[in-house]
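Heads up: the structure comes next, in structure tokens.
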Amino acid sequence: MVDLTKKCECGRPAILYRKYEGRYYCDHCLSKQVERNFKKTIGINRLIEKNDRICVALSGGKDSSSLLYLFWKVFRNRKDLKIFALIIDEGIGNYRKKCIKKAEKLCENLNIKLHKTSFKKEIGVTIDKIAKKTTKTCTYCGVFKRYLLNKKARELGATKLAVAHNLDDEAQAIIMNVIRCDLKRFERLGPMPGIIRDKKFVPRVKPLRNIHEKELYLYATVHKLPFSKRHCPYSKDNVRRDVRTLINNIEEKYPGTKIQIVKFYDAIIKKIKIKKKGKLKHCKECGEPTNQEICKTCELLKRI
Ligand SMILES: [Zn+2]
Ligand SMILES: [Zn+2]
């Protein structure tokens, strides 16, 4: 917790202490920092181009709510860009329904069109049903979500799909792939993963990947964005949770660790990226883009 008697350099009361900088930030200065970071990540990596139609993947949580708000704040006067939002109901009891309410409120406030879809409607099964048949609920959910986000974004005419991965998520993903020795997935991280061009694949962009999770929480709170604090009832002990705890502990002792992990990734990925720009195939069952004969979604659906 931040010492409430401390002041920001501008004189206002502090709400955040950045240990790796040794500096206190007030609500205004933190907001400016977050917005600058968002613009910088987009600028350096050329995540947004002229005439883009940006589909923001919303979940109703703090990260994606901040992401949509940032797009609105920074780009709302750009007449050539179109911004809209998409939320997926996985069919997890009432959990996502409550998140959807928050997302609806946010989109209403910002006057942004919200599109909704569900696993039940598009894939024919809910996560509640999947959970009764397998222990790998999160694997199914993750695969289905990527599949459906791409499919829906494309159908809505999006040229970019913006996802809300923050610095913590990115650092965790890097370390997890090291632990699993998964070079294929490791290569697919970064600000715009999967730059292989395919008419059925909407490029995914991650403008929040250099912003700490804690700062996004404060940002969403400062701007009074409607967001849900609930966690998915199926999330349980897994590798990611252990890696998160591990990185948070190291960050606490050696401030700046998360930034360093992501910087290291960015430096090394340029050297290891295999030059061949492979083409994507299209799934024999459903026609969606994949690098196998049959996509992961169709493969998983066969197993249950
Ligand atoms: Zn300040
Ligand atoms: Zn398929």
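A note on labels: chains of the structure tokens are A, B, ... as shown, every chain counts residues from 1, and ligands are counted from 1 in their shown order.
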
Please identify the residues whose atoms come within 6 Å of ligand 2, using only C-alpha atoms and all ligand atoms, and report them as a PDB file with N, CA and C atoms, in the first residue's frame.
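As written to disk, pocket_24.pdb reads:
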ATOM      1  N   CYS A 283      -8.509 -24.923 -41.759  1.00  0.00           N
ATOM      2  CA  CYS A 283      -8.998 -26.159 -41.154  1.00  0.00           C
ATOM      3  C   CYS A 283      -9.933 -26.915 -42.111  1.00  0.00           C
ATOM      4  N   GLU A 285     -12.144 -29.003 -41.341  1.00  0.00           N
ATOM      5  CA  GLU A 285     -13.501 -29.161 -40.797  1.00  0.00           C
ATOM      6  C   GLU A 285     -14.298 -27.862 -40.866  1.00  0.00           C
ATOM      7  N   CYS A 286     -13.676 -26.759 -40.374  1.00  0.00           N
ATOM      8  CA  CYS A 286     -14.452 -25.521 -40.232  1.00  0.00           C
ATOM      9  C   CYS A 286     -13.962 -24.385 -41.128  1.00  0.00           C
ATOM     10  N   GLY A 287     -12.784 -24.549 -41.730  1.00  0.00           N
ATOM     11  CA  GLY A 287     -12.288 -23.517 -42.648  1.00  0.00           C
ATOM     12  C   GLY A 287     -11.560 -22.360 -41.993  1.00  0.00           C
ATOM     13  N   GLU A 288     -11.443 -22.379 -40.656  1.00  0.00           N
ATOM     14  CA  GLU A 288     -10.761 -21.275 -39.969  1.00  0.00           C
ATOM     15  C   GLU A 288      -9.240 -21.439 -40.093  1.00  0.00           C
ATOM     16  N   ILE A 294      -6.213 -29.798 -39.069  1.00  0.00           N
ATOM     17  CA  ILE A 294      -7.476 -29.540 -38.371  1.00  0.00           C
ATOM     18  C   ILE A 294      -7.179 -28.577 -37.222  1.00  0.00           C
ATOM     19  N   CYS A 295      -8.008 -27.565 -37.060  1.00  0.00           N
ATOM     20  CA  CYS A 295      -7.698 -26.550 -36.045  1.00  0.00           C
ATOM     21  C   CYS A 295      -7.897 -27.107 -34.635  1.00  0.00           C
ATOM     22  N   THR A 297      -9.605 -26.003 -32.161  1.00  0.00           N
ATOM     23  CA  THR A 297     -10.997 -26.024 -31.685  1.00  0.00           C
ATOM     24  C   THR A 297     -11.710 -27.300 -32.142  1.00  0.00           C
ATOM     25  N   CYS A 298     -11.589 -27.617 -33.422  1.00  0.00           N
ATOM     26  CA  CYS A 298     -12.240 -28.835 -33.936  1.00  0.00           C
ATOM     27  C   CYS A 298     -11.651 -30.078 -33.289  1.00  0.00           C
TER      28      CYS A 298
END

- Message: Hey, which residues sit close to ligand 1? Say within 7 Å, counting only C-alpha atoms and all ligand atoms, and write them as a list in words.
- Response: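 The neighbouring residues of ligand 1 are, in order, Cys8, Glu9, Cys10, Gly11, Arg12, Tyr25, Cys26, Asp27, His28 and Cys29 of chain A.
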
- Message: Nearest residue to Arg76 in chain A out of A:Ile112, A:Val163, A:Leu47, A:Leu148, using only C-alpha atoms?
- Response: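 Residue with the minimum atom-to-atom distance to Arg76 in chain A: A:Ile112.
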
Give one line per residue of range 180-266 of chain A that approaches range 82-92 of chain A to at most 10 Å, naming the two atoms of the closest pair and their distance in Å to one decimal, counting only C-alpha atoms; sort by chain then ascending residue number and deliver it as CSV.
residue,atom,partner,partner_atom,distance
A:Cys232,CA,A:Ile92,CA,8.0
A:Pro233,CA,A:Ile92,CA,8.0
A:Tyr234,CA,A:Ile92,CA,8.6

- Nearest to Ile259 in chain A by atom-to-atom distance, counting only C-alpha atoms, from A:Ala171, A:Val243, A:Ile179, A:Leu218: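 Nearest candidate to Ile259 in chain A out of A:Ala171, A:Val243, A:Ile179, A:Leu218: A:Ala171.
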
- Task: Taking the chain letters and numbering used in this document, name the residues of range 27-212 of chain A that DSSP puts in strand (DSSP E or B), as a VMD selection string.
- Result: chain A and resid 53 to 58 82 to 89 114 to 118 160 to 162 204 to 205

Those selected residues, please, written with N, CA, C and O atoms and delivered as a short mmCIF file (atom, residue, chain, number, x, y, z; two decimals), in the first residue's frame.
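File part-v1.cif, as written:
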data_model
loop_
_atom_site.label_atom_id
_atom_site.label_comp_id
_atom_site.auth_asym_id
_atom_site.auth_seq_id
_atom_site.Cartn_x
_atom_site.Cartn_y
_atom_site.Cartn_z
N ARG A 53 -9.86 -0.69 -38.67
CA ARG A 53 -11.12 -0.94 -37.96
C ARG A 53 -10.76 -1.82 -36.78
O ARG A 53 -10.43 -3.00 -36.95
N ILE A 54 -10.78 -1.20 -35.59
CA ILE A 54 -10.23 -1.86 -34.40
C ILE A 54 -11.34 -2.51 -33.58
O ILE A 54 -12.25 -1.85 -33.09
N CYS A 55 -11.21 -3.82 -33.42
CA CYS A 55 -12.14 -4.56 -32.58
C CYS A 55 -11.47 -4.79 -31.23
O CYS A 55 -10.44 -5.45 -31.16
N VAL A 56 -12.01 -4.23 -30.16
CA VAL A 56 -11.42 -4.38 -28.83
C VAL A 56 -12.11 -5.55 -28.12
O VAL A 56 -13.33 -5.55 -27.95
N ALA A 57 -11.32 -6.54 -27.72
CA ALA A 57 -11.87 -7.70 -27.02
C ALA A 57 -12.13 -7.30 -25.57
O ALA A 57 -11.20 -7.04 -24.81
N LEU A 58 -13.39 -7.25 -25.19
CA LEU A 58 -13.77 -6.86 -23.83
C LEU A 58 -14.09 -8.10 -23.00
O LEU A 58 -14.61 -9.09 -23.51
N LYS A 82 -12.03 3.26 -36.94
CA LYS A 82 -13.32 2.85 -36.39
C LYS A 82 -13.03 1.95 -35.19
O LYS A 82 -12.19 1.05 -35.28
N ILE A 83 -13.68 2.22 -34.07
CA ILE A 83 -13.44 1.43 -32.85
C ILE A 83 -14.76 0.80 -32.39
O ILE A 83 -15.78 1.49 -32.28
N PHE A 84 -14.74 -0.50 -32.17
CA PHE A 84 -15.91 -1.16 -31.60
C PHE A 84 -15.44 -2.28 -30.67
O PHE A 84 -14.26 -2.60 -30.62
N ALA A 85 -16.37 -2.83 -29.90
CA ALA A 85 -16.00 -3.81 -28.88
C ALA A 85 -16.72 -5.13 -29.10
O ALA A 85 -17.79 -5.18 -29.70
N LEU A 86 -16.10 -6.19 -28.59
CA LEU A 86 -16.67 -7.53 -28.71
C LEU A 86 -16.50 -8.27 -27.39
O LEU A 86 -15.42 -8.26 -26.80
N ILE A 87 -17.59 -8.88 -26.91
CA ILE A 87 -17.49 -9.67 -25.67
C ILE A 87 -18.07 -11.05 -25.91
O ILE A 87 -19.04 -11.22 -26.66
N ILE A 88 -17.41 -12.05 -25.31
CA ILE A 88 -17.84 -13.44 -25.49
C ILE A 88 -18.34 -14.01 -24.17
O ILE A 88 -17.67 -13.92 -23.15
N ASP A 89 -19.51 -14.61 -24.21
CA ASP A 89 -20.05 -15.30 -23.04
C ASP A 89 -19.65 -16.77 -23.15
O ASP A 89 -20.12 -17.48 -24.05
N LEU A 114 -21.14 -2.29 -28.93
CA LEU A 114 -20.70 -3.55 -28.32
C LEU A 114 -21.37 -4.73 -29.02
O LEU A 114 -22.60 -4.79 -29.10
N HIS A 115 -20.56 -5.64 -29.53
CA HIS A 115 -21.09 -6.86 -30.14
C HIS A 115 -20.94 -8.00 -29.15
O HIS A 115 -19.94 -8.07 -28.44
N LYS A 116 -21.95 -8.88 -29.12
CA LYS A 116 -21.90 -9.99 -28.17
C LYS A 116 -22.06 -11.31 -28.89
O LYS A 116 -22.80 -11.40 -29.87
N THR A 117 -21.36 -12.31 -28.38
CA THR A 117 -21.55 -13.65 -28.92
C THR A 117 -21.28 -14.64 -27.79
O THR A 117 -20.87 -14.25 -26.70
N SER A 118 -21.52 -15.92 -28.05
CA SER A 118 -21.30 -16.90 -26.98
C SER A 118 -20.80 -18.23 -27.53
O SER A 118 -20.99 -18.53 -28.71
N LYS A 160 -7.86 -5.06 -37.12
CA LYS A 160 -7.02 -5.34 -35.95
C LYS A 160 -7.91 -5.83 -34.82
O LYS A 160 -9.03 -5.35 -34.66
N LEU A 161 -7.38 -6.80 -34.06
CA LEU A 161 -8.07 -7.26 -32.87
C LEU A 161 -7.20 -6.87 -31.68
O LEU A 161 -6.07 -7.36 -31.54
N ALA A 162 -7.69 -5.95 -30.85
CA ALA A 162 -6.90 -5.48 -29.71
C ALA A 162 -7.23 -6.28 -28.47
O ALA A 162 -8.40 -6.40 -28.09
N ARG A 204 -3.58 -9.63 -34.16
CA ARG A 204 -3.88 -9.27 -32.77
C ARG A 204 -2.84 -8.28 -32.28
O ARG A 204 -1.64 -8.48 -32.51
N VAL A 205 -3.27 -7.22 -31.63
CA VAL A 205 -2.32 -6.24 -31.10
C VAL A 205 -2.48 -6.12 -29.59
O VAL A 205 -3.57 -6.29 -29.05
#

- Item | Selection: 8 Å around Thr257 in chain A, only C-alpha atoms, excl. self and same-chain fewer than 5 positions, as a ChimeraX atom specification | /A:247,250-251

Write a file of the selected residues as an mmCIF file, in the first residue's frame, keeping N, CA, C and O atoms.
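For reference, again_20.cif as written:
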data_model
loop_
_atom_site.group_PDB
_atom_site.id
_atom_site.type_symbol
_atom_site.label_atom_id
_atom_site.label_comp_id
_atom_site.auth_asym_id
_atom_site.auth_seq_id
_atom_site.Cartn_x
_atom_site.Cartn_y
_atom_site.Cartn_z
ATOM 1 N N ILE A 247 7.149 -14.393 -9.993
ATOM 2 C CA ILE A 247 7.593 -13.121 -10.569
ATOM 3 C C ILE A 247 7.277 -11.960 -9.625
ATOM 4 O O ILE A 247 8.087 -11.055 -9.448
ATOM 5 N N ILE A 250 9.888 -11.847 -6.939
ATOM 6 C CA ILE A 250 11.181 -11.337 -7.418
ATOM 7 C C ILE A 250 11.083 -9.824 -7.660
ATOM 8 O O ILE A 250 11.988 -9.072 -7.314
ATOM 9 N N GLU A 251 9.945 -9.396 -8.222
ATOM 10 C CA GLU A 251 9.726 -7.959 -8.474
ATOM 11 C C GLU A 251 9.825 -7.160 -7.166
ATOM 12 O O GLU A 251 10.412 -6.083 -7.129
#

- Could you give me, as a PyMOL selection string, the residues within 12 Å of range 225-230 of chain A, counting only C-alpha atoms and dropping anything in the same chain fewer than 5 positions from it? chain A and resi 58-70+94-110+216-220+235

- Would you please extract all alpha helix (DSSP H) residues from range 16-55 of chain A, as assigned by DSSP on the backbone, and give them as an NGL selection string? :A and (27-45)

Output all heavy atoms of each residue in that selection to a file, as a compact mmCIF listing (two decimals), in the first residue's frame.
# COMPACT_ATOMS: atom_id res chain seq x y z
N ASP A 27 -2.97 10.71 -9.08
CA ASP A 27 -3.90 10.18 -10.09
C ASP A 27 -3.67 10.80 -11.47
O ASP A 27 -3.63 10.10 -12.48
CB ASP A 27 -5.35 10.38 -9.62
CG ASP A 27 -5.64 11.79 -9.12
OD1 ASP A 27 -4.69 12.61 -9.08
OD2 ASP A 27 -6.80 12.06 -8.77
N HIS A 28 -3.45 12.11 -11.51
CA HIS A 28 -3.25 12.78 -12.82
C HIS A 28 -1.98 12.30 -13.51
O HIS A 28 -2.00 11.95 -14.69
CB HIS A 28 -3.10 14.31 -12.62
CG HIS A 28 -4.41 14.98 -12.35
ND1 HIS A 28 -4.55 16.34 -12.33
CD2 HIS A 28 -5.63 14.46 -12.09
CE1 HIS A 28 -5.81 16.64 -12.06
NE2 HIS A 28 -6.48 15.52 -11.91
N CYS A 29 -0.88 12.30 -12.76
CA CYS A 29 0.41 11.95 -13.37
C CYS A 29 0.45 10.46 -13.75
O CYS A 29 1.04 10.10 -14.76
CB CYS A 29 1.57 12.33 -12.45
SG CYS A 29 1.67 14.13 -12.22
N LEU A 30 -0.21 9.61 -12.95
CA LEU A 30 -0.28 8.19 -13.32
C LEU A 30 -1.06 8.01 -14.62
O LEU A 30 -0.64 7.28 -15.52
CB LEU A 30 -0.93 7.36 -12.20
CG LEU A 30 -1.25 5.92 -12.63
CD1 LEU A 30 0.02 5.11 -12.78
CD2 LEU A 30 -2.22 5.25 -11.69
N SER A 31 -2.19 8.72 -14.74
CA SER A 31 -3.00 8.65 -15.96
C SER A 31 -2.18 9.04 -17.18
O SER A 31 -2.23 8.38 -18.22
CB SER A 31 -4.18 9.61 -15.87
OG SER A 31 -5.23 8.99 -15.22
N LYS A 32 -1.43 10.12 -17.04
CA LYS A 32 -0.59 10.59 -18.15
C LYS A 32 0.43 9.54 -18.53
O LYS A 32 0.69 9.31 -19.70
CB LYS A 32 0.12 11.89 -17.75
CG LYS A 32 -0.67 13.13 -18.17
CD LYS A 32 0.24 14.35 -18.10
CE LYS A 32 -0.35 15.38 -17.16
NZ LYS A 32 0.62 16.34 -16.65
N GLN A 33 1.03 8.91 -17.50
CA GLN A 33 2.03 7.87 -17.74
C GLN A 33 1.44 6.69 -18.51
O GLN A 33 2.02 6.17 -19.45
CB GLN A 33 2.59 7.35 -16.41
CG GLN A 33 3.60 8.26 -15.77
CD GLN A 33 4.94 8.19 -16.48
OE1 GLN A 33 5.38 7.13 -16.88
NE2 GLN A 33 5.57 9.33 -16.67
N VAL A 34 0.25 6.24 -18.06
CA VAL A 34 -0.41 5.10 -18.70
C VAL A 34 -0.73 5.43 -20.16
O VAL A 34 -0.48 4.64 -21.06
CB VAL A 34 -1.69 4.69 -17.92
CG1 VAL A 34 -2.56 3.73 -18.71
CG2 VAL A 34 -1.32 4.07 -16.57
N GLU A 35 -1.25 6.63 -20.38
CA GLU A 35 -1.61 7.03 -21.75
C GLU A 35 -0.37 7.16 -22.63
O GLU A 35 -0.39 6.77 -23.80
CB GLU A 35 -2.42 8.34 -21.71
CG GLU A 35 -3.85 8.06 -21.25
CD GLU A 35 -4.54 9.24 -20.59
OE1 GLU A 35 -4.12 10.39 -20.79
OE2 GLU A 35 -5.52 8.98 -19.83
N ARG A 36 0.71 7.68 -22.07
CA ARG A 36 1.95 7.81 -22.83
C ARG A 36 2.49 6.43 -23.22
O ARG A 36 2.91 6.20 -24.35
CB ARG A 36 2.99 8.55 -21.97
CG ARG A 36 4.15 9.09 -22.76
CD ARG A 36 5.04 9.94 -21.88
NE ARG A 36 4.36 11.12 -21.37
CZ ARG A 36 4.72 11.79 -20.27
NH1 ARG A 36 5.76 11.37 -19.55
NH2 ARG A 36 4.06 12.85 -19.87
N ASN A 37 2.44 5.50 -22.25
CA ASN A 37 2.93 4.15 -22.48
C ASN A 37 2.12 3.45 -23.59
O ASN A 37 2.67 2.82 -24.50
CB ASN A 37 2.84 3.38 -21.16
CG ASN A 37 3.52 2.04 -21.20
OD1 ASN A 37 3.34 1.29 -22.15
ND2 ASN A 37 4.29 1.71 -20.17
N PHE A 38 0.80 3.60 -23.53
CA PHE A 38 -0.12 3.03 -24.53
C PHE A 38 0.24 3.56 -25.92
O PHE A 38 0.39 2.81 -26.88
CB PHE A 38 -1.55 3.43 -24.12
CG PHE A 38 -2.63 3.18 -25.14
CD1 PHE A 38 -3.18 1.92 -25.31
CD2 PHE A 38 -3.14 4.22 -25.91
CE1 PHE A 38 -4.21 1.70 -26.22
CE2 PHE A 38 -4.17 4.01 -26.83
CZ PHE A 38 -4.70 2.74 -26.98
N LYS A 39 0.41 4.89 -26.03
CA LYS A 39 0.73 5.50 -27.33
C LYS A 39 2.10 5.06 -27.82
O LYS A 39 2.28 4.83 -29.02
CB LYS A 39 0.70 7.03 -27.21
CG LYS A 39 -0.71 7.59 -27.16
CD LYS A 39 -0.68 9.11 -27.29
CE LYS A 39 -1.01 9.75 -25.97
NZ LYS A 39 -1.09 11.20 -25.99
N LYS A 40 3.05 4.94 -26.89
CA LYS A 40 4.41 4.56 -27.27
C LYS A 40 4.45 3.13 -27.83
O LYS A 40 5.06 2.88 -28.87
CB LYS A 40 5.32 4.68 -26.04
CG LYS A 40 6.80 4.65 -26.37
CD LYS A 40 7.62 4.87 -25.12
CE LYS A 40 9.05 4.39 -25.37
NZ LYS A 40 9.81 4.24 -24.12
N THR A 41 3.77 2.21 -27.14
CA THR A 41 3.74 0.82 -27.61
C THR A 41 3.10 0.73 -29.00
O THR A 41 3.60 0.03 -29.88
CB THR A 41 2.98 -0.08 -26.61
OG1 THR A 41 3.63 0.01 -25.35
CG2 THR A 41 2.95 -1.53 -27.06
N ILE A 42 2.05 1.49 -29.21
CA ILE A 42 1.39 1.50 -30.53
C ILE A 42 2.31 2.11 -31.58
O ILE A 42 2.47 1.56 -32.68
CB ILE A 42 0.05 2.28 -30.45
CG1 ILE A 42 -0.96 1.45 -29.65
CG2 ILE A 42 -0.49 2.58 -31.86
CD1 ILE A 42 -2.31 2.09 -29.49
N GLY A 43 2.95 3.22 -31.22
CA GLY A 43 3.81 3.94 -32.17
C GLY A 43 5.03 3.14 -32.59
O GLY A 43 5.26 2.92 -33.78
N ILE A 44 5.79 2.66 -31.61
CA ILE A 44 7.04 1.94 -31.90
C ILE A 44 6.78 0.69 -32.74
O ILE A 44 7.53 0.37 -33.66
CB ILE A 44 7.75 1.53 -30.58
CG1 ILE A 44 8.34 2.77 -29.91
CG2 ILE A 44 8.84 0.50 -30.83
CD1 ILE A 44 8.98 2.48 -28.57
N ASN A 45 5.70 -0.02 -32.42
CA ASN A 45 5.44 -1.30 -33.10
C ASN A 45 4.46 -1.17 -34.27
O ASN A 45 4.05 -2.16 -34.84
CB ASN A 45 4.89 -2.31 -32.09
CG ASN A 45 5.84 -2.53 -30.94
OD1 ASN A 45 6.90 -3.11 -31.11
ND2 ASN A 45 5.49 -2.03 -29.76

- Query: Which of these, A:Glu155, A:Asp3, A:Asp168, A:Glu187, has the shortest distance to Phe201 in chain A once you count only C-alpha atoms?
  - Reply: A:Glu155

- Name the residues in contact with Leu280 in chain A at a cut-off of 12 Å, using only C-alpha atoms, excluding same-chain residues fewer than 4 positions from it; report them as a list in words.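 Skipping anything fewer than 4 positions along the chain leaves Gly194, Ile195, Ile196, Arg197, Asp198, Lys199, Lys200, Phe201, Gly287, Glu288, Pro289, Thr290, Asn291, Gln292, Glu293, Ile294 and Cys295 of chain A.
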
Output all heavy atoms for every residue in the selection just made, as a tab-separated table (two decimals), in the first residue's frame.
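Okay, this is what ended up in result_7.tsv:
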chain	number	residue	atom	x	y	z
A	194	GLY	N	1.88	-13.33	-34.47
A	194	GLY	CA	1.25	-13.92	-35.65
A	194	GLY	C	1.11	-12.93	-36.77
A	194	GLY	O	0.01	-12.66	-37.24
A	195	ILE	N	2.24	-12.32	-37.19
A	195	ILE	CA	2.14	-11.32	-38.25
A	195	ILE	C	2.00	-11.93	-39.63
A	195	ILE	O	1.95	-11.24	-40.63
A	195	ILE	CB	3.35	-10.35	-38.25
A	195	ILE	CG1	4.58	-11.07	-37.73
A	195	ILE	CG2	3.05	-9.10	-37.44
A	195	ILE	CD1	5.84	-10.29	-37.81
A	196	ILE	N	1.89	-13.28	-39.65
A	196	ILE	CA	1.66	-13.95	-40.94
A	196	ILE	C	0.34	-13.42	-41.50
A	196	ILE	O	-0.68	-13.40	-40.81
A	196	ILE	CB	1.54	-15.48	-40.74
A	196	ILE	CG1	2.84	-16.04	-40.18
A	196	ILE	CG2	1.16	-16.17	-42.04
A	196	ILE	CD1	2.75	-17.47	-39.69
A	197	ARG	N	0.38	-12.96	-42.72
A	197	ARG	CA	-0.85	-12.41	-43.31
A	197	ARG	C	-1.69	-13.52	-43.93
A	197	ARG	O	-1.18	-14.34	-44.67
A	197	ARG	CB	-0.51	-11.36	-44.38
A	197	ARG	CG	0.26	-10.18	-43.83
A	197	ARG	CD	-0.68	-9.24	-43.09
A	197	ARG	NE	0.11	-8.32	-42.25
A	197	ARG	CZ	-0.37	-7.21	-41.72
A	197	ARG	NH1	-1.63	-6.88	-41.91
A	197	ARG	NH2	0.38	-6.43	-40.98
A	198	ASP	N	-2.94	-13.53	-43.57
A	198	ASP	CA	-3.87	-14.50	-44.12
A	198	ASP	C	-5.22	-13.81	-44.12
A	198	ASP	O	-5.56	-13.12	-43.16
A	198	ASP	CB	-3.92	-15.75	-43.22
A	198	ASP	CG	-4.86	-16.80	-43.77
A	198	ASP	OD1	-6.09	-16.69	-43.54
A	198	ASP	OD2	-4.39	-17.74	-44.41
A	199	LYS	N	-5.97	-13.99	-45.19
A	199	LYS	CA	-7.21	-13.22	-45.29
A	199	LYS	C	-8.22	-13.58	-44.18
A	199	LYS	O	-9.13	-12.83	-43.90
A	199	LYS	CB	-7.82	-13.32	-46.68
A	199	LYS	CG	-8.26	-14.72	-47.10
A	199	LYS	CD	-8.81	-14.68	-48.52
A	199	LYS	CE	-9.54	-15.93	-48.96
A	199	LYS	NZ	-8.90	-17.23	-48.69
A	200	LYS	N	-8.02	-14.75	-43.57
A	200	LYS	CA	-8.96	-15.15	-42.52
A	200	LYS	C	-8.45	-14.85	-41.11
A	200	LYS	O	-9.12	-15.15	-40.13
A	200	LYS	CB	-9.26	-16.64	-42.65
A	200	LYS	CG	-10.22	-16.94	-43.80
A	200	LYS	CD	-10.79	-18.32	-43.65
A	200	LYS	CE	-12.09	-18.46	-44.39
A	200	LYS	NZ	-12.69	-19.78	-44.18
A	201	PHE	N	-7.25	-14.32	-41.03
A	201	PHE	CA	-6.65	-14.06	-39.72
A	201	PHE	C	-6.57	-12.56	-39.45
A	201	PHE	O	-5.99	-11.81	-40.23
A	201	PHE	CB	-5.25	-14.69	-39.67
A	201	PHE	CG	-4.55	-14.49	-38.36
A	201	PHE	CD1	-4.95	-15.19	-37.24
A	201	PHE	CD2	-3.51	-13.58	-38.26
A	201	PHE	CE1	-4.31	-15.00	-36.02
A	201	PHE	CE2	-2.87	-13.38	-37.04
A	201	PHE	CZ	-3.25	-14.09	-35.92
A	287	GLY	N	-12.78	-24.55	-41.73
A	287	GLY	CA	-12.29	-23.52	-42.65
A	287	GLY	C	-11.56	-22.36	-41.99
A	287	GLY	O	-11.08	-21.45	-42.68
A	288	GLU	N	-11.44	-22.38	-40.66
A	288	GLU	CA	-10.76	-21.27	-39.97
A	288	GLU	C	-9.24	-21.44	-40.09
A	288	GLU	O	-8.74	-22.54	-40.29
A	288	GLU	CB	-11.17	-21.26	-38.49
A	288	GLU	CG	-12.59	-20.78	-38.25
A	288	GLU	CD	-12.83	-19.35	-38.72
A	288	GLU	OE1	-12.11	-18.45	-38.30
A	288	GLU	OE2	-13.74	-19.16	-39.56
A	289	PRO	N	-8.49	-20.32	-39.96
A	289	PRO	CA	-7.04	-20.41	-40.10
A	289	PRO	C	-6.38	-21.25	-39.00
A	289	PRO	O	-6.81	-21.21	-37.85
A	289	PRO	CB	-6.57	-18.95	-40.02
A	289	PRO	CG	-7.69	-18.21	-39.40
A	289	PRO	CD	-8.94	-18.94	-39.75
A	290	THR	N	-5.36	-22.02	-39.36
A	290	THR	CA	-4.66	-22.89	-38.41
A	290	THR	C	-3.31	-23.25	-39.03
A	290	THR	O	-3.12	-23.06	-40.22
A	290	THR	CB	-5.48	-24.18	-38.15
A	290	THR	OG1	-4.69	-25.10	-37.38
A	290	THR	CG2	-5.85	-24.91	-39.45
A	291	ASN	N	-2.37	-23.77	-38.19
A	291	ASN	CA	-1.15	-24.26	-38.82
A	291	ASN	C	-1.12	-25.79	-38.90
A	291	ASN	O	-0.14	-26.39	-39.28
A	291	ASN	CB	0.11	-23.68	-38.16
A	291	ASN	CG	-0.05	-23.52	-36.68
A	291	ASN	OD1	-0.80	-24.26	-36.05
A	291	ASN	ND2	0.63	-22.55	-36.10
A	292	GLN	N	-2.24	-26.41	-38.52
A	292	GLN	CA	-2.37	-27.86	-38.67
A	292	GLN	C	-3.39	-28.16	-39.78
A	292	GLN	O	-3.93	-27.24	-40.37
A	292	GLN	CB	-2.89	-28.48	-37.35
A	292	GLN	CG	-2.13	-28.08	-36.12
A	292	GLN	CD	-0.72	-28.60	-36.10
A	292	GLN	OE1	-0.45	-29.71	-36.57
A	292	GLN	NE2	0.22	-27.81	-35.58
A	293	GLU	N	-3.67	-29.43	-39.98
A	293	GLU	CA	-4.71	-29.80	-40.95
A	293	GLU	C	-6.09	-29.47	-40.39
A	293	GLU	O	-6.98	-28.99	-41.07
A	293	GLU	CB	-4.64	-31.30	-41.28
A	293	GLU	CG	-3.36	-31.74	-42.01
A	293	GLU	CD	-3.16	-31.03	-43.34
A	293	GLU	OE1	-4.13	-30.99	-44.12
A	293	GLU	OE2	-2.05	-30.50	-43.59
A	294	ILE	N	-6.21	-29.80	-39.07
A	294	ILE	CA	-7.48	-29.54	-38.37
A	294	ILE	C	-7.18	-28.58	-37.22
A	294	ILE	O	-6.17	-28.75	-36.52
A	294	ILE	CB	-8.08	-30.88	-37.86
A	294	ILE	CG1	-8.62	-31.65	-39.07
A	294	ILE	CG2	-9.18	-30.65	-36.84
A	294	ILE	CD1	-9.07	-33.03	-38.78
A	295	CYS	N	-8.01	-27.56	-37.06
A	295	CYS	CA	-7.70	-26.55	-36.05
A	295	CYS	C	-7.90	-27.11	-34.64
A	295	CYS	O	-8.55	-28.13	-34.43
A	295	CYS	CB	-8.53	-25.28	-36.27
A	295	CYS	SG	-10.21	-25.39	-35.65
